[in-house]
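Source file: entry26.csv; contents: CSV, C-alpha atoms.
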chain,number,residue,atom,x,y,z
D,30,MET,CA,-70.0,-8.2,35.6
D,31,ASN,CA,-68.5,-11.5,34.4
D,32,GLU,CA,-67.4,-9.8,31.2
D,33,MET,CA,-65.6,-7.1,33.1
D,34,VAL,CA,-63.8,-9.7,35.3
D,35,GLU,CA,-62.7,-11.6,32.2
D,36,GLN,CA,-61.4,-8.5,30.6
D,37,SER,CA,-59.5,-7.6,33.7
D,38,ARG,CA,-58.0,-11.1,33.9
D,39,THR,CA,-57.0,-10.9,30.3
D,40,PHE,CA,-55.4,-7.5,30.9
D,41,TRP,CA,-53.3,-8.8,33.8
D,42,LEU,CA,-52.2,-11.8,31.9
D,43,CYS,CA,-51.2,-9.7,28.9
D,44,LYS,CA,-49.4,-7.3,31.3
D,45,ALA,CA,-47.5,-10.2,32.8
D,46,LYS,CA,-46.5,-11.6,29.4
D,47,ILE,CA,-45.3,-8.1,28.3
D,48,GLN,CA,-43.2,-7.8,31.4
D,49,GLN,CA,-41.7,-11.2,30.8
D,50,LEU,CA,-41.0,-10.2,27.2
D,51,PHE,CA,-39.2,-7.0,28.3
D,52,LYS,CA,-37.3,-9.0,30.8
D,53,ARG,CA,-36.2,-11.4,28.1
D,54,ILE,CA,-35.2,-8.6,25.8
D,55,TYR,CA,-33.4,-6.3,28.2
D,56,THR,CA,-31.9,-8.8,30.7
D,57,ASN,CA,-31.4,-11.7,28.3
D,58,ASP,CA,-33.4,-13.9,30.6
D,59,HIS,CA,-34.3,-17.1,28.8
D,60,SER,CA,-36.3,-18.7,31.6
D,61,VAL,CA,-39.5,-17.8,29.8
D,62,LYS,CA,-40.1,-19.1,26.3
D,63,PHE,CA,-41.8,-17.2,23.5
D,64,THR,CA,-42.1,-19.9,20.8
D,65,GLU,CA,-43.7,-17.7,18.2
D,66,LEU,CA,-41.1,-15.0,18.7
D,67,ASP,CA,-37.9,-17.1,19.0
D,68,THR,CA,-36.6,-16.2,15.6
D,69,ILE,CA,-37.3,-12.5,16.0
D,70,LEU,CA,-35.8,-12.5,19.5
D,71,SER,CA,-32.7,-14.3,18.3
D,72,VAL,CA,-32.1,-11.7,15.6
D,73,PHE,CA,-32.7,-8.9,18.1
D,74,GLU,CA,-30.1,-10.4,20.5
D,75,HIS,CA,-27.6,-10.9,17.6
D,76,ASP,CA,-28.0,-7.3,16.5
D,77,ARG,CA,-27.7,-6.0,20.0
D,78,ASN,CA,-24.5,-7.9,20.6
D,79,PHE,CA,-23.2,-6.7,17.2
D,80,LEU,CA,-23.9,-3.1,18.0
D,81,SER,CA,-22.3,-3.3,21.4
D,82,LYS,CA,-18.9,-3.8,19.8
D,83,SER,CA,-16.6,-1.0,18.7
D,84,ILE,CA,-16.6,0.1,15.1
D,85,HIS,CA,-13.4,-0.4,13.1
D,86,THR,CA,-12.6,1.8,10.2
D,87,ALA,CA,-10.8,1.4,6.9
D,88,VAL,CA,-10.2,4.6,4.9
D,89,PHE,CA,-9.8,4.4,1.1
D,90,THR,CA,-7.8,7.0,-0.6
D,91,ALA,CA,-6.5,7.5,-4.2
D,92,ASN,CA,-6.0,9.8,-7.0
D,93,MET,CA,-8.9,9.9,-9.5
D,94,SER,CA,-9.3,7.0,-12.0
D,95,ALA,CA,-7.6,4.4,-9.7
D,96,GLY,CA,-10.9,2.6,-9.3
D,97,LYS,CA,-11.2,3.2,-5.5
D,98,SER,CA,-15.0,3.2,-5.4
D,99,THR,CA,-15.1,0.1,-7.6
D,100,LEU,CA,-12.9,-1.6,-5.1
D,101,VAL,CA,-15.2,-0.6,-2.3
D,102,ASN,CA,-18.2,-2.0,-4.3
D,103,ALA,CA,-16.3,-5.2,-5.0
D,104,LEU,CA,-15.5,-5.8,-1.3
D,105,VAL,CA,-19.0,-5.0,-0.2
D,106,GLY,CA,-20.4,-7.1,-3.0
D,107,LYS,CA,-23.0,-4.5,-4.1
D,108,LYS,CA,-22.9,-1.2,-5.9
D,109,VAL,CA,-23.1,1.3,-3.0
D,110,ASN,CA,-20.8,3.9,-4.4
D,111,LYS,CA,-20.6,5.8,-7.7
D,112,SER,CA,-17.7,4.7,-9.9
D,113,GLN,CA,-15.3,7.0,-11.7
D,114,SER,CA,-17.5,7.1,-14.8
D,115,MET,CA,-20.1,9.0,-12.8
D,116,ALA,CA,-19.9,12.6,-11.7
D,117,CYS,CA,-18.6,12.5,-8.1
D,118,THR,CA,-19.0,15.2,-5.5
D,119,ALA,CA,-16.7,16.3,-2.6
D,120,LYS,CA,-18.4,14.0,0.0
D,121,LEU,CA,-17.1,11.5,2.5
D,122,HIS,CA,-19.0,8.3,1.9
D,123,TYR,CA,-19.3,6.2,5.1
D,124,ILE,CA,-20.4,2.6,4.4
D,125,LEU,CA,-21.3,0.6,7.5
D,126,ASN,CA,-22.0,-3.1,7.6
D,127,LYS,CA,-25.2,-4.6,9.0
D,128,PRO,CA,-25.0,-7.7,11.2
D,129,LEU,CA,-27.4,-9.7,9.0
D,130,GLU,CA,-28.6,-9.6,5.4
D,131,ASP,CA,-32.2,-8.2,5.4
D,132,GLY,CA,-32.3,-7.2,1.7
D,133,PHE,CA,-32.3,-3.5,2.5
D,134,SER,CA,-29.7,-0.7,2.1
D,135,ALA,CA,-30.2,2.5,4.1
D,136,GLU,CA,-28.8,5.9,3.1
D,137,ASP,CA,-28.6,9.2,5.0
D,138,ASP,CA,-28.0,11.9,2.4
D,139,ASN,CA,-29.9,14.9,3.8
D,140,VAL,CA,-33.0,12.6,4.1
D,141,LEU,CA,-32.8,9.2,5.8
D,142,ASN,CA,-34.1,6.4,3.5
D,143,LEU,CA,-34.3,3.0,5.0
D,144,ASP,CA,-35.0,1.3,1.7
D,145,ALA,CA,-32.6,3.1,-0.7
D,146,ASP,CA,-32.7,1.7,-4.2
D,147,TYR,CA,-30.0,1.8,-6.8
D,148,ASN,CA,-31.0,5.3,-8.1
D,149,THR,CA,-31.1,6.7,-4.6
D,150,LEU,CA,-27.6,5.4,-3.8
D,151,MET,CA,-26.2,6.7,-7.1
D,152,THR,CA,-27.8,10.2,-6.9
D,153,ASP,CA,-26.5,12.7,-4.4
D,154,ASP,CA,-29.1,14.9,-2.7
D,155,VAL,CA,-28.4,18.5,-3.7
D,156,GLY,CA,-29.9,19.6,-0.4
D,157,ASN,CA,-27.2,17.9,1.6
D,158,ASP,CA,-24.9,20.8,2.6
D,159,SER,CA,-22.8,18.5,4.9
D,160,GLN,CA,-19.6,16.8,3.8
D,161,SER,CA,-20.9,13.3,4.4
D,162,ILE,CA,-23.2,10.6,3.1
D,163,ILE,CA,-23.8,7.5,5.2
D,164,VAL,CA,-24.9,4.1,3.8
D,165,SER,CA,-25.7,1.0,5.8
D,166,THR,CA,-25.9,-2.4,4.1
D,167,TYR,CA,-24.8,-6.0,4.7
D,168,PHE,CA,-21.2,-6.7,3.5
D,169,ARG,CA,-20.9,-9.8,1.4
D,170,PHE,CA,-17.7,-11.0,3.0
D,171,LEU,CA,-17.3,-14.7,2.1
D,172,SER,CA,-15.1,-15.1,5.2
D,173,GLY,CA,-17.7,-13.6,7.5
D,174,LEU,CA,-17.8,-10.5,9.6
D,175,ASN,CA,-18.6,-10.6,13.3
D,176,ASN,CA,-17.8,-7.0,14.2
D,177,PRO,CA,-19.1,-3.7,12.9
D,178,ILE,CA,-16.8,-2.0,10.4
D,179,CYS,CA,-16.9,1.2,8.4
D,180,PHE,CA,-15.5,1.7,4.9
D,181,LEU,CA,-14.8,5.4,4.4
D,182,ASP,CA,-14.5,6.3,0.7
D,183,THR,CA,-12.8,9.7,0.4
D,184,PRO,CA,-12.9,12.0,-2.6
D,185,GLY,CA,-10.1,11.6,-5.2
D,186,VAL,CA,-7.3,14.0,-4.2
D,187,ASN,CA,-6.2,15.2,-7.7
D,188,SER,CA,-9.5,16.6,-9.0
D,189,SER,CA,-8.7,19.5,-11.3
D,190,LEU,CA,-12.3,20.7,-11.1
D,191,ASP,CA,-12.7,20.9,-7.3
D,192,HIS,CA,-9.7,21.4,-5.1
D,193,THR,CA,-11.8,20.9,-2.0
D,194,HIS,CA,-11.7,17.1,-2.7
D,195,LYS,CA,-8.1,17.0,-1.5
D,196,ALA,CA,-8.6,19.3,1.4
D,197,ILE,CA,-11.5,17.1,2.7
D,198,THR,CA,-9.5,13.9,2.3
D,199,ASP,CA,-6.3,15.4,3.9
D,200,THR,CA,-8.3,16.6,6.9
D,201,GLU,CA,-10.0,13.2,7.4
D,202,ILE,CA,-6.7,11.2,7.2
D,203,GLY,CA,-5.0,13.8,9.4
D,204,LYS,CA,-7.4,12.9,12.2
D,205,ASN,CA,-5.8,9.4,12.3
D,206,GLU,CA,-9.1,7.9,13.4
D,207,PHE,CA,-8.9,4.7,11.4
D,208,ASP,CA,-7.5,1.1,11.8
D,209,VAL,CA,-6.1,0.8,8.3
D,210,LEU,CA,-5.5,3.1,5.3
D,211,VAL,CA,-6.1,1.6,1.9
D,212,TYR,CA,-4.1,3.5,-0.8
D,213,VAL,CA,-5.3,2.5,-4.3
D,214,ILE,CA,-2.9,2.8,-7.2
D,215,ASN,CA,-3.8,2.6,-10.8
D,216,ALA,CA,-1.8,-0.3,-12.2
D,217,ASP,CA,-1.9,1.3,-15.7
D,218,GLY,CA,0.2,4.2,-14.6
D,219,GLY,CA,1.9,2.9,-11.4
D,220,ILE,CA,3.3,5.9,-9.4
D,221,ALA,CA,5.1,7.3,-12.4
D,222,THR,CA,2.6,10.2,-12.7
D,223,GLU,CA,3.3,13.5,-11.0
D,224,ASP,CA,0.0,13.4,-9.1
D,225,GLU,CA,0.8,9.9,-7.7
D,226,ASP,CA,4.3,10.9,-6.8
D,227,THR,CA,3.2,14.0,-5.0
D,228,TYR,CA,0.4,12.4,-3.0
D,229,LEU,CA,2.5,9.4,-2.1
D,230,THR,CA,5.3,11.6,-0.8
D,231,GLN,CA,2.8,13.7,1.2
D,232,LEU,CA,1.4,10.5,2.8
D,233,SER,CA,4.8,9.3,3.8
D,234,GLU,CA,5.3,12.5,5.7
D,235,THR,CA,1.8,12.7,7.3
D,236,ALA,CA,0.7,9.0,7.6
D,237,GLY,CA,3.9,7.1,7.1
D,238,LYS,CA,3.6,5.2,10.4
D,239,ALA,CA,-0.1,4.2,9.9
D,240,ASN,CA,-1.2,0.7,9.0
D,241,ILE,CA,-1.3,1.1,5.2
D,242,LEU,CA,-2.3,-1.4,2.5
D,243,PHE,CA,-1.2,-0.5,-1.0
D,244,VAL,CA,-3.7,-2.0,-3.5
D,245,VAL,CA,-2.6,-2.0,-7.1
D,246,ASN,CA,-5.9,-2.0,-9.1
D,247,LYS,CA,-6.9,-2.5,-12.7
D,248,ILE,CA,-4.6,-5.4,-13.3
D,249,ASP,CA,-7.1,-6.5,-15.9
D,250,CYS,CA,-5.8,-3.7,-18.1
D,251,PHE,CA,-2.4,-5.4,-18.5
D,252,ARG,CA,-1.7,-7.1,-21.8
D,253,ALA,CA,0.1,-10.5,-21.4
D,254,ASP,CA,2.2,-9.9,-24.4
D,255,GLU,CA,3.4,-6.5,-23.3
D,256,ASP,CA,3.2,-6.3,-19.5
D,257,ASN,CA,4.6,-8.4,-16.7
D,258,ILE,CA,2.6,-8.2,-13.4
D,259,ALA,CA,5.5,-9.4,-11.2
D,260,ASP,CA,7.9,-6.8,-12.6
D,261,SER,CA,5.4,-4.0,-12.3
D,262,ILE,CA,4.5,-4.9,-8.7
D,263,SER,CA,8.3,-5.1,-7.8
D,264,LYS,CA,8.9,-1.7,-9.3
D,265,ILE,CA,6.0,-0.2,-7.5
D,266,ALA,CA,7.3,-1.7,-4.2
D,267,ASP,CA,10.7,-0.2,-4.8
D,268,ASP,CA,9.2,3.2,-5.6
D,269,VAL,CA,7.0,3.1,-2.5
D,270,SER,CA,9.9,2.1,-0.3
D,271,ARG,CA,12.1,5.0,-1.7
D,272,ARG,CA,9.5,7.4,-0.5
D,273,GLY,CA,9.9,6.3,3.1
D,274,PHE,CA,7.5,3.5,3.6
D,275,VAL,CA,9.1,0.6,5.4
D,276,ASN,CA,8.3,-3.0,4.2
D,277,PRO,CA,5.2,-1.8,2.3
D,278,LYS,CA,2.3,-4.3,1.9
D,279,ILE,CA,1.4,-4.3,-1.8
D,280,TYR,CA,-1.5,-6.3,-3.2
D,281,PRO,CA,-2.6,-6.4,-6.9
D,282,VAL,CA,-6.3,-6.8,-7.7
D,283,SER,CA,-8.9,-6.3,-10.4
D,284,ALA,CA,-11.7,-4.6,-8.6
D,285,TYR,CA,-14.1,-4.8,-11.6
D,286,ALA,CA,-13.5,-8.5,-12.0
D,287,GLY,CA,-14.1,-9.0,-8.3
D,288,TYR,CA,-17.3,-6.9,-8.4
D,289,LEU,CA,-18.7,-9.0,-11.3
D,290,ALA,CA,-17.8,-12.2,-9.5
D,291,LYS,CA,-19.6,-11.2,-6.3
D,292,ARG,CA,-22.6,-10.3,-8.4
D,293,MET,CA,-22.5,-13.6,-10.1
D,294,LEU,CA,-22.1,-15.4,-6.8
D,295,PHE,CA,-24.9,-13.7,-4.8
D,296,ASP,CA,-27.3,-12.3,-7.4
D,297,ASN,CA,-26.6,-14.0,-10.7
D,298,ASP,CA,-28.0,-11.0,-12.5
D,299,LEU,CA,-25.3,-9.9,-14.9
D,300,ASN,CA,-26.4,-8.3,-18.2
D,301,GLU,CA,-25.1,-9.5,-21.5
D,302,GLY,CA,-22.1,-7.2,-21.6
D,303,GLU,CA,-21.2,-7.9,-18.0
D,304,MET,CA,-21.5,-11.6,-18.6
D,305,ASP,CA,-19.0,-11.3,-21.5
D,306,ASP,CA,-16.6,-9.4,-19.3
D,307,TYR,CA,-17.1,-12.0,-16.5
D,308,ASN,CA,-16.3,-14.9,-18.8
D,309,LEU,CA,-13.2,-13.1,-20.2
D,310,PHE,CA,-11.9,-12.2,-16.8
D,311,ARG,CA,-12.5,-15.8,-15.5
D,312,ARG,CA,-10.4,-17.2,-18.4
D,313,ASN,CA,-7.7,-14.6,-18.1
D,314,PHE,CA,-7.2,-14.9,-14.3
D,315,MET,CA,-6.9,-18.6,-14.5
D,316,SER,CA,-3.8,-18.2,-16.7
D,317,GLU,CA,-0.3,-17.9,-15.3
D,318,ASP,CA,0.1,-14.4,-16.8
D,319,TYR,CA,-2.8,-12.9,-14.8
D,320,ASN,CA,-3.4,-15.2,-11.8
D,321,LEU,CA,-2.6,-13.1,-8.6
D,322,VAL,CA,-2.6,-15.9,-6.0
D,323,GLY,CA,1.2,-15.8,-5.7
D,324,PHE,CA,1.2,-12.2,-4.5
D,325,TYR,CA,-0.7,-13.1,-1.3
D,326,PRO,CA,0.4,-14.7,2.0
D,327,LYS,CA,-0.3,-18.5,2.4
D,328,ASP,CA,-2.6,-18.1,5.4
D,329,ALA,CA,-5.0,-15.9,3.4
D,330,ILE,CA,-4.9,-18.3,0.4
D,331,ASP,CA,-5.6,-21.3,2.6
D,332,VAL,CA,-8.8,-19.6,3.9
D,333,CYS,CA,-9.8,-19.0,0.2
D,334,LEU,CA,-9.2,-22.6,-0.8
D,335,ARG,CA,-11.3,-23.9,2.1
D,336,LEU,CA,-14.1,-21.6,1.0
D,337,ILE,CA,-13.9,-23.0,-2.5
D,338,GLU,CA,-13.8,-26.6,-1.3
D,339,ARG,CA,-16.8,-26.0,0.9
D,340,GLU,CA,-19.0,-24.7,-2.0
D,341,GLU,CA,-21.0,-27.4,-3.8
D,342,ASP,CA,-22.8,-25.3,-6.4
D,343,VAL,CA,-20.7,-25.3,-9.6
D,344,ARG,CA,-21.6,-21.7,-10.7
D,345,LYS,CA,-20.8,-20.4,-7.2
D,346,LYS,CA,-17.6,-22.4,-6.9
D,347,LYS,CA,-16.3,-20.8,-10.2
D,348,ALA,CA,-17.2,-17.3,-9.0
D,349,ILE,CA,-15.3,-17.9,-5.7
D,350,GLN,CA,-12.3,-19.2,-7.6
D,351,MET,CA,-12.3,-16.1,-9.7
D,352,LEU,CA,-12.5,-13.9,-6.6
D,353,LEU,CA,-9.3,-15.7,-5.4
D,354,ASN,CA,-7.5,-15.4,-8.8
D,355,CYS,CA,-8.3,-11.7,-9.2
D,356,GLY,CA,-7.1,-10.9,-5.7
D,357,ILE,CA,-10.4,-9.6,-4.1
D,358,LEU,CA,-11.0,-12.6,-1.8
D,359,PRO,CA,-7.5,-12.7,-0.2
D,360,LEU,CA,-7.5,-8.9,0.0
D,361,GLU,CA,-10.9,-9.2,1.8
D,362,ILE,CA,-9.4,-11.6,4.4
D,363,ILE,CA,-6.3,-9.4,4.9
D,364,LEU,CA,-8.4,-6.3,5.2
D,365,LYS,CA,-10.7,-7.9,7.7
D,366,ASN,CA,-7.8,-9.1,9.9
D,367,SER,CA,-6.3,-5.5,9.7
D,368,ILE,CA,-9.4,-3.9,11.0
D,369,GLY,CA,-10.5,-6.4,13.6
D,370,GLY,CA,-13.5,-7.8,11.7
D,371,MET,CA,-13.0,-11.4,13.1
Translate the structure described by the file into structure tokens.
Amino acid sequence: MNEMVEQSRTFWLCKAKIQQLFKRIYTNDHSVKFTELDTILSVFEHDRNFLSKSIHTAVFTANMSAGKSTLVNALVGKKVNKSQSMACTAKLHYILNKPLEDGFSAEDDNVLNLDADYNTLMTDDVGNDSQSIIVSTYFRFLSGLNNPICFLDTPGVNSSLDHTHKAITDTEIGKNEFDVLVYVINADGGIATEDEDTYLTQLSETAGKANILFVVNKIDCFRADEDNIADSISKIADDVSRRGFVNPKIYPVSAYAGYLAKRMLFDNDLNEGEMDDYNLFRRNFMSEDYNLVGFYPKDAIDVCLRLIEREEDVRKKKAIQMLLNCGILPLEIILKNSIGGM
């Protein structure tokens, strides 16, 4: 009998504790303390607050070979999208940021995988007959992110092998369900190509009044003895303006250099070839011929300089400086402000 009484007492004590825990979780009542669970409860409350906010969206569009997916990878700070060197399918890639870094990336590509490794992220599931792939991971924004955002990486619009790429992208942009449109231009060709001219003219007619950032990528392909970055950007700005865009916002970057810098900063796992590229880029973008700081507004640069000053680790400080010099860090700040990621 005594054992039954004790079991009953234990049951009611546990029930009371569970009720208090649920009250803490669902009413945010902090009157009862759970010392052993404080960290977990804090994370839960942070996540709940994060998920209660509206999602802001940035759509990335470009012709093929502009380095659009590499730019997305550089901003996220991880390889979550296939680059141009890999066979790409006509899919809309939605990349959503997590509130905290938990070391996991999730992917919904026909089958939901909550621990998607590199091979999973880089391999499309042939059984997925929808037009979308969804990835969730923590965005390595040095300036921080307090709101949920979505990067939508659309198919390249000038694919000669699959014309559905352009149709899918046109339909998505036509919905106008985004906060900012990021148009990526290949610096190596500017908008002199027929494909670039055609698509830019189309966008001026269909999305000319949208909030658009023109990102000129692959600046690292320029040769200091043959090319002038300032002249090239000025010409692109004139060409964009002539197609009906008023006061276009144009920002040069090297997405690949920025991607390597983020990897060096957060993972420090570059292979020998990547390390050679990283060191070359770091030297080049420190020079006046390549340094892109002058193409960005002062307020964004000031934030970058504070981040550099705050970092004490020498290796990380150099990586952040390179992120500034190659344009990725100030672009990150401008993009965040454009989509409400404060």
Quiz item: Can you list, as a ChimeraX atom specification, every protein, DNA or RNA residue that comes within 10 Å of segment 287-301 of chain D when you count only C-alpha atoms, leaving out same-chain residues fewer than 3 positions away?
Solution: /D:99-108,169-171,282-284,304-308,310-311,342,344-358
Quiz prompt | Exercise: segment 230-241 of chain D partners within 12 Å, all atoms listed in the file, chain neighbours under 6 positions left out, as a ChimeraX atom specification | solution = /D:86-91,186,195,198-213,220,223-224,268-280,363-364,366-368
Quiz prompt | atom CA of Asn126 of chain D to atom CA of Asp76 of chain D, straight-line distance in Å | solution =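 Computing it gives 11.5 Å between the two atoms.
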Quiz item: Which residue out of D:Val72, D:Leu66, D:Ile214, D:Ala196 has the minimum interatomic distance to Asp131 of chain D when only C-alpha atoms are used?
Solution: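 Smallest separation from Asp131 of chain D among the options: D:Val72.
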Quiz item: Ala119 of chain D: which residues within 8 Å, counting only C-alpha atoms, same-chain residues fewer than 5 positions away excluded, as a PyMOL selection string?
Solution: chain D and resi 160+184+191+193-194+197
Quiz prompt | Among the residues D:Ile178, D:Leu70, D:Leu121, D:Val109, the one that comes closest to Asn148 of chain D [using only C-alpha atoms] | solution =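 Closest candidate: D:Val109.
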Quick one: residues within 10 Å of Glu136 of chain D, all atoms listed in the file counted, chain neighbours fewer than 5 positions away excluded, as a compact mmCIF listing (two decimals) with C-alpha atoms, in the frame of the given file?
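Produced file out33.txt, reproduced below:
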# COMPACT_ATOMS: atom_id res chain seq x y z
CA VAL D 109 -23.10 1.30 -3.00
CA TYR D 123 -19.30 6.20 5.10
CA ILE D 124 -20.40 2.60 4.40
CA LEU D 141 -32.80 9.20 5.80
CA ASN D 142 -34.10 6.40 3.50
CA LEU D 143 -34.30 3.00 5.00
CA ASP D 144 -35.00 1.30 1.70
CA ALA D 145 -32.60 3.10 -0.70
CA ASP D 146 -32.70 1.70 -4.20
CA THR D 149 -31.10 6.70 -4.60
CA LEU D 150 -27.60 5.40 -3.80
CA ILE D 162 -23.20 10.60 3.10
CA ILE D 163 -23.80 7.50 5.20
CA VAL D 164 -24.90 4.10 3.80
CA SER D 165 -25.70 1.00 5.80
CA THR D 166 -25.90 -2.40 4.10
Quiz item: With all atoms listed in the file as the basis for distance, which of D:Ala329, D:Ser159, D:Tyr319, D:Leu129 is at the shortest distance from His75 of chain D?
Solution: D:Leu129
Practice problem: Could you check how far atom CA of His85 of chain D sits from atom CA of Ser112 of chain D, in Å to one decimal? | Solution: 23.9 Å
